[in-house]
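Shown next, in structure tokens, is the structure this report addresses.
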Amino acid sequence: MPLGLLALAIGAFGIGLTEFVIMGLLPDLAADYAVTEAAAGWFISGYALAVAVGAIGLTAAVTRLPRKPVLMGLLGLFIAGNAISALAPTYEAMLAGRIVAALCHGAFFGIGAVLAADLVAPAKRAGAIAIMFTGLTAANVLGVPFGTFLGQQYGWRSTFWVISAIGVVALIGIAVLVPVTRTADGDGEAPSLRRELGAFRSGQVWLSLTVTVLGFGGMFGAFTYIAYTLTEVSGFAASDVPWLLVLFGAGLVVGNWIGGRLADRSIDGTLLGFIATLVVVLALLAWLAAFPIAVVVLLVLMGGFGFGTVPALQSRVMRYAEGAPTLASGANIAAFNLGNALGAFAGGLAISAGLGYTSPIWVGAIITAAALVVMVVAWASARSGAPVSERADAAARATTATGSVATSAA
């Protein structure tokens with residue numbers, strides 16, 4: 001394994017901590033800044049929105065620059081944002097620190113995934129991306145308990161100082177361990193914004209992004225409100241929820257590793273299998289939510305099959321980006337966050353409609369089933385050897401020229 005992948009994983013770990021650790025610190029932040037829980041919630045919502053903006057905007061702005069120094073600059077932004085959070089005297093300053101840190105999130109993962117793939121042979125690219133994303137999954141496991149422990153022992157500001165220090169370690173690691181890779185795209189041409197935007201002419205890129213939104217939307221629609229399901233339906237005590245979330249996080253780690261290895265063999269096969277299984281897992285979780293032992297097992301499986309799609313989804317977008325993968329990779333990171341927002345919104349609507357605390361899981365299963373349908377369309381189109389839009393154009397031309405039905409040209 002190239003040591004540069006370890007440096008990228010450390011950076012992913014630090015950025016993941018910044019995203020997830022806040023959940024265990026919200027009560028302390030709300031108390032210190034004398035704001036409501038809803039206002040404190042903007043430390044999460046504002047972060048997510050800034051991730052989506054940075055994933056596309058920042059990636060587009062730096063697309064012509066060499067990837068290694070760009071990643072180092074993004075980590076500098078990450079360190080600065082967390083330092084602002086650690087020092088923030090007011091609510092507004094804290095929110096600004098969260099936004100500054102979030103701006104680097106999407107661009108780091110989008111560009112970092114391309115760089116990780118460049119560090120290994122083509123047959124091992126999905127596995128390399130999975131190694132990088134292991135940092136994110138580990139942060140999901142450790143984020144809430146880590147932040148809560150530090151906050152209780154040394155105050156919540158100490159958490160952000162530690163995360164800043166992790167950012168410094170990642171920055172040094174990338175500077176020392178990551179080689180300077182080519183700045184040209186896959187066919188040797190210099191990267192440009194126009195060229196990167198050209199990747200979005202591919203119907204497969206759009207299908208892949210749609211699968212990302214729906215697939216993650218389904219899982220996070222179920223996960224966002226899982227604490228209510230665990231306590232109100234499954235009968236767990238509130239004190240049990242943190243360790244149950246750790247089990248979910250362990251599923252993420254294992255699923256990410258297995259998904260990366262399988263995706264190196266077959267990207268589409270891995271996605272079809274994992275998404276279909278996730279639909280079944282979510283349906284079973286909703287159906288058996290009143291049975292604690294079943295819930296524990298299914299919670300781990302939900303994390304495993306849900307996050308196991310990440311290396312394959314990231315690899316698929318990059319594959320069909322026609323030699324200009326950087327912006328498409330960043331767009332896929334934005335799609336993950338859009339899916340999170342979609343799932344949380346849809347699950348909240350179901351609860352507000354009085355459908356109960358298992359309803360977000362059923363909603364998640366339905367959204368994930370929609371992802372499976374889109375993935376089947378993408379797989380069938382890819383097997384035909386032509387992008388979706390080109391198939392339609394070819395059918396129309398054949399009909400005009402020969403008078404045959406469109407289906408005969410597809």
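Every chain in the structure tokens has a letter given in the order shown (A, B, ...), and although residue numbers restart at 1 in each chain, ligands are simply numbered from 1 in the order shown.
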
Extract, using only C-alpha atoms, all DNA, RNA and protein residues at most 8 Å from Met132 in chain A, discarding same-chain residues fewer than 3 positions from it, and format them as a compact mmCIF listing (two decimals) with N, CA, C and O atoms, in the first residue's frame.
```
# COMPACT_ATOMS: atom_id res chain seq x y z
N LEU A 5 -1.50 6.91 0.66
CA LEU A 5 -2.90 6.59 0.98
C LEU A 5 -3.15 6.74 2.47
O LEU A 5 -4.24 7.14 2.90
N LEU A 6 -2.14 6.40 3.30
CA LEU A 6 -2.29 6.57 4.74
C LEU A 6 -2.44 8.04 5.11
O LEU A 6 -3.28 8.40 5.95
N LEU A 8 -3.66 10.38 3.18
CA LEU A 8 -5.00 10.79 2.75
C LEU A 8 -6.06 10.29 3.73
O LEU A 8 -7.03 11.00 4.03
N ALA A 9 -5.88 9.08 4.26
CA ALA A 9 -6.84 8.53 5.22
C ALA A 9 -6.83 9.33 6.52
O ALA A 9 -7.88 9.53 7.15
N ALA A 12 -8.80 12.35 5.87
CA ALA A 12 -10.23 12.00 5.86
C ALA A 12 -10.74 11.78 7.27
O ALA A 12 -11.88 12.14 7.59
N GLY A 112 -9.11 14.18 -3.52
CA GLY A 112 -8.34 13.12 -2.89
C GLY A 112 -8.65 11.75 -3.47
O GLY A 112 -7.75 10.90 -3.61
N ALA A 113 -9.90 11.52 -3.85
CA ALA A 113 -10.26 10.24 -4.46
C ALA A 113 -9.56 10.06 -5.80
O ALA A 113 -9.08 8.96 -6.13
N ALA A 116 -5.89 9.40 -4.95
CA ALA A 116 -5.73 8.04 -4.43
C ALA A 116 -5.73 7.03 -5.56
O ALA A 116 -4.92 6.09 -5.58
N ALA A 128 -8.13 1.55 -3.42
CA ALA A 128 -7.39 2.71 -2.94
C ALA A 128 -8.34 3.78 -2.41
O ALA A 128 -8.09 4.40 -1.37
N ILE A 129 -9.44 4.00 -3.13
CA ILE A 129 -10.44 4.97 -2.66
C ILE A 129 -11.03 4.49 -1.34
O ILE A 129 -11.27 5.30 -0.43
N GLY A 135 -10.72 6.43 6.67
CA GLY A 135 -10.59 7.50 7.65
C GLY A 135 -11.93 8.10 8.01
O GLY A 135 -12.21 8.39 9.18
N LEU A 136 -12.79 8.28 7.00
CA LEU A 136 -14.12 8.83 7.25
C LEU A 136 -14.98 7.87 8.06
O LEU A 136 -15.68 8.29 8.99
```

Pick out the residues sitting within 9 Å of Ala290 in chain A, and hand them over as an mmCIF file with N, CA, C and O atoms, in the first residue's frame; count only C-alpha atoms, and ignore anything fewer than 2 positions along from it in its own chain.
```
data_model
loop_
_atom_site.group_PDB
_atom_site.id
_atom_site.type_symbol
_atom_site.label_atom_id
_atom_site.label_comp_id
_atom_site.auth_asym_id
_atom_site.auth_seq_id
_atom_site.Cartn_x
_atom_site.Cartn_y
_atom_site.Cartn_z
ATOM 1 N N THR A 229 -36.285 5.534 17.003
ATOM 2 C CA THR A 229 -36.726 4.158 16.777
ATOM 3 C C THR A 229 -36.189 3.239 17.856
ATOM 4 O O THR A 229 -36.917 2.391 18.396
ATOM 5 N N LEU A 230 -34.910 3.411 18.195
ATOM 6 C CA LEU A 230 -34.283 2.534 19.181
ATOM 7 C C LEU A 230 -34.904 2.679 20.561
ATOM 8 O O LEU A 230 -35.081 1.683 21.286
ATOM 9 N N VAL A 233 -39.412 2.429 19.993
ATOM 10 C CA VAL A 233 -39.975 1.216 19.390
ATOM 11 C C VAL A 233 -39.243 -0.036 19.870
ATOM 12 O O VAL A 233 -39.857 -1.008 20.301
ATOM 13 N N SER A 234 -37.911 0.006 19.827
ATOM 14 C CA SER A 234 -37.131 -1.182 20.180
ATOM 15 C C SER A 234 -37.008 -1.376 21.682
ATOM 16 O O SER A 234 -36.691 -2.480 22.141
ATOM 17 N N GLY A 235 -37.221 -0.311 22.457
ATOM 18 C CA GLY A 235 -37.184 -0.434 23.906
ATOM 19 C C GLY A 235 -35.821 -0.268 24.536
ATOM 20 O O GLY A 235 -35.637 -0.557 25.726
ATOM 21 N N ALA A 286 -37.395 -2.088 9.594
ATOM 22 C CA ALA A 286 -38.682 -1.455 9.898
ATOM 23 C C ALA A 286 -39.691 -2.474 10.427
ATOM 24 O O ALA A 286 -40.434 -2.205 11.367
ATOM 25 N N TRP A 287 -39.695 -3.650 9.822
ATOM 26 C CA TRP A 287 -40.657 -4.692 10.186
ATOM 27 C C TRP A 287 -40.360 -5.294 11.558
ATOM 28 O O TRP A 287 -41.270 -5.605 12.334
ATOM 29 N N LEU A 288 -39.071 -5.443 11.892
ATOM 30 C CA LEU A 288 -38.666 -6.108 13.136
ATOM 31 C C LEU A 288 -38.154 -5.118 14.180
ATOM 32 O O LEU A 288 -37.432 -5.508 15.104
ATOM 33 N N PRO A 292 -35.281 -6.276 19.823
ATOM 34 C CA PRO A 292 -33.960 -5.668 20.031
ATOM 35 C C PRO A 292 -32.800 -6.426 19.394
ATOM 36 O O PRO A 292 -31.908 -5.812 18.804
ATOM 37 N N ALA A 294 -32.729 -8.471 16.808
ATOM 38 C CA ALA A 294 -32.775 -8.301 15.351
ATOM 39 C C ALA A 294 -32.328 -6.898 14.957
ATOM 40 O O ALA A 294 -31.617 -6.714 13.956
ATOM 41 N N VAL A 295 -32.722 -5.917 15.753
ATOM 42 C CA VAL A 295 -32.367 -4.532 15.445
ATOM 43 C C VAL A 295 -30.850 -4.341 15.488
ATOM 44 O O VAL A 295 -30.275 -3.671 14.625
#
```

Next item on the list: Record the distance separating CA of Pro360 in chain A and CA of Ala283 in chain A, expressed in Å with one decimal.
Entry: 10.8 Å

Check: Nearest to Leu171 in chain A among A:Leu77, A:Thr134, A:Val21, A:Ala341, with distances taken over only C-alpha atoms: which residue is it?
Finding: A:Leu77

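When only C-alpha atoms are used to compute distances to Phe160 in chain A, the closest of the residues A:Ile366, A:Ala276, A:Met94, A:Ile267 turns out to be A:Met94.
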
Item checked: DSSP helix (DSSP H, G or I) residues within range 105-237 of chain A, listed as a ChimeraX atom specification -> /A:105-118,122-154,156-177,193-201,203-224,226-233

Can I get the selected residues back with C-alpha atoms, as a compact mmCIF listing (two decimals), in the first residue's frame?
```txt
# COMPACT_ATOMS: atom_id res chain seq x y z
CA HIS A 105 -14.64 18.80 2.95
CA GLY A 106 -16.15 18.05 -0.45
CA ALA A 107 -13.17 19.29 -2.45
CA PHE A 108 -10.75 17.23 -0.32
CA PHE A 109 -12.67 14.00 -0.81
CA GLY A 110 -13.39 14.70 -4.47
CA ILE A 111 -9.79 15.57 -5.40
CA GLY A 112 -8.34 13.12 -2.89
CA ALA A 113 -10.26 10.24 -4.46
CA VAL A 114 -8.76 11.06 -7.86
CA LEU A 115 -5.29 11.32 -6.35
CA ALA A 116 -5.73 8.04 -4.43
CA ALA A 117 -6.68 6.30 -7.67
CA ASP A 118 -3.58 7.72 -9.34
CA PRO A 122 -5.96 0.78 -12.53
CA ALA A 123 -7.19 -2.60 -11.26
CA LYS A 124 -6.82 -1.45 -7.63
CA ARG A 125 -8.38 2.01 -7.81
CA ALA A 126 -11.62 1.26 -5.97
CA GLY A 127 -9.62 -0.37 -3.17
CA ALA A 128 -7.39 2.71 -2.94
CA ILE A 129 -10.44 4.97 -2.66
CA ALA A 130 -11.81 2.65 0.04
CA ILE A 131 -8.56 3.00 2.03
CA MET A 132 -8.88 6.77 1.91
CA PHE A 133 -12.54 6.62 2.97
CA THR A 134 -11.61 4.31 5.86
CA GLY A 135 -10.59 7.50 7.65
CA LEU A 136 -14.12 8.83 7.25
CA THR A 137 -15.74 5.62 8.46
CA ALA A 138 -13.40 5.45 11.46
CA ALA A 139 -14.38 9.02 12.30
CA ASN A 140 -18.03 7.97 12.20
CA VAL A 141 -17.30 5.26 14.76
CA LEU A 142 -15.20 7.44 17.05
CA GLY A 143 -16.62 10.91 16.44
CA VAL A 144 -19.49 11.14 18.94
CA PRO A 145 -17.89 9.21 21.85
CA PHE A 146 -14.52 10.92 21.25
CA GLY A 147 -16.02 14.40 21.24
CA THR A 148 -18.29 13.71 24.19
CA PHE A 149 -15.39 12.37 26.29
CA LEU A 150 -13.12 15.32 25.55
CA GLY A 151 -15.95 17.76 26.08
CA GLN A 152 -16.77 16.28 29.47
CA GLN A 153 -13.16 16.12 30.61
CA TYR A 154 -11.59 19.28 29.19
CA TRP A 156 -15.71 21.30 24.10
CA ARG A 157 -13.03 23.69 22.77
CA SER A 158 -10.37 21.06 23.42
CA THR A 159 -12.04 18.82 20.83
CA PHE A 160 -11.48 21.35 18.07
CA TRP A 161 -7.86 21.89 19.10
CA VAL A 162 -7.25 18.14 18.85
CA ILE A 163 -8.93 18.02 15.43
CA SER A 164 -6.74 20.95 14.30
CA ALA A 165 -3.69 18.96 15.42
CA ILE A 166 -4.88 15.95 13.39
CA GLY A 167 -5.13 18.29 10.41
CA VAL A 168 -1.51 19.35 10.93
CA VAL A 169 -0.41 15.69 11.01
CA ALA A 170 -2.33 15.00 7.78
CA LEU A 171 -0.84 18.09 6.13
CA ILE A 172 2.71 16.98 6.99
CA GLY A 173 1.91 13.42 5.87
CA ILE A 174 0.66 14.56 2.46
CA ALA A 175 3.65 16.88 2.04
CA VAL A 176 6.10 14.06 2.78
CA LEU A 177 4.38 10.88 1.59
CA LEU A 193 -12.74 23.87 -16.18
CA ARG A 194 -14.32 23.56 -19.62
CA ARG A 195 -12.96 20.05 -19.97
CA GLU A 196 -14.10 19.07 -16.48
CA LEU A 197 -17.59 20.42 -17.16
CA GLY A 198 -17.63 18.34 -20.34
CA ALA A 199 -17.76 15.21 -18.17
CA PHE A 200 -21.36 16.10 -17.34
CA ARG A 201 -22.39 15.42 -20.93
CA GLY A 203 -25.58 10.21 -19.17
CA GLN A 204 -23.74 7.63 -17.07
CA VAL A 205 -22.28 10.37 -14.87
CA TRP A 206 -25.77 11.72 -14.18
CA LEU A 207 -27.15 8.25 -13.53
CA SER A 208 -24.29 7.59 -11.10
CA LEU A 209 -24.94 10.86 -9.27
CA THR A 210 -28.63 10.00 -9.05
CA VAL A 211 -27.83 6.60 -7.55
CA THR A 212 -25.60 8.35 -5.00
CA VAL A 213 -28.35 10.79 -3.99
CA LEU A 214 -31.04 8.12 -3.71
CA GLY A 215 -28.87 5.38 -2.23
CA PHE A 216 -27.48 7.55 0.54
CA GLY A 217 -30.77 9.37 0.91
CA GLY A 218 -32.42 6.06 1.71
CA MET A 219 -29.87 4.99 4.29
CA PHE A 220 -29.64 8.35 6.03
CA GLY A 221 -33.40 8.82 5.94
CA ALA A 222 -33.53 5.77 8.17
CA PHE A 223 -30.42 6.64 10.19
CA THR A 224 -31.24 10.28 11.00
CA ILE A 226 -32.76 5.96 14.43
CA ALA A 227 -32.36 7.11 18.05
CA TYR A 228 -36.14 7.59 18.27
CA THR A 229 -36.73 4.16 16.78
CA LEU A 230 -34.28 2.53 19.18
CA THR A 231 -35.78 4.12 22.30
CA GLU A 232 -39.47 4.41 21.41
CA VAL A 233 -39.98 1.22 19.39
```

Note to self: With distances taken over only C-alpha atoms, which residue among A:Pro2, A:Gly41, A:Gly73, A:Gly57 lies nearest Ala328 in chain A?
What the structure shows: A:Gly57

Item checked: Straight-line distance linking CA of Ala365 in chain A with CA of Gly348 in chain A, stated in Å to one decimal -> 14.6 Å

Note to self: Need to verify the contact set: range 298-314 of chain A, 7 Å, only C-alpha atoms, exclusion of same-chain residues closer than 3 positions in sequence. Can you return it as number ranges by chain?
What the structure shows: A: 126, 129-130, 208, 212, 219, 247-249, 251-252, 254-256, 258-260, 263, 267, 271, 274, 278, 281-282, 285, 294-295, 317-318, 329, 332
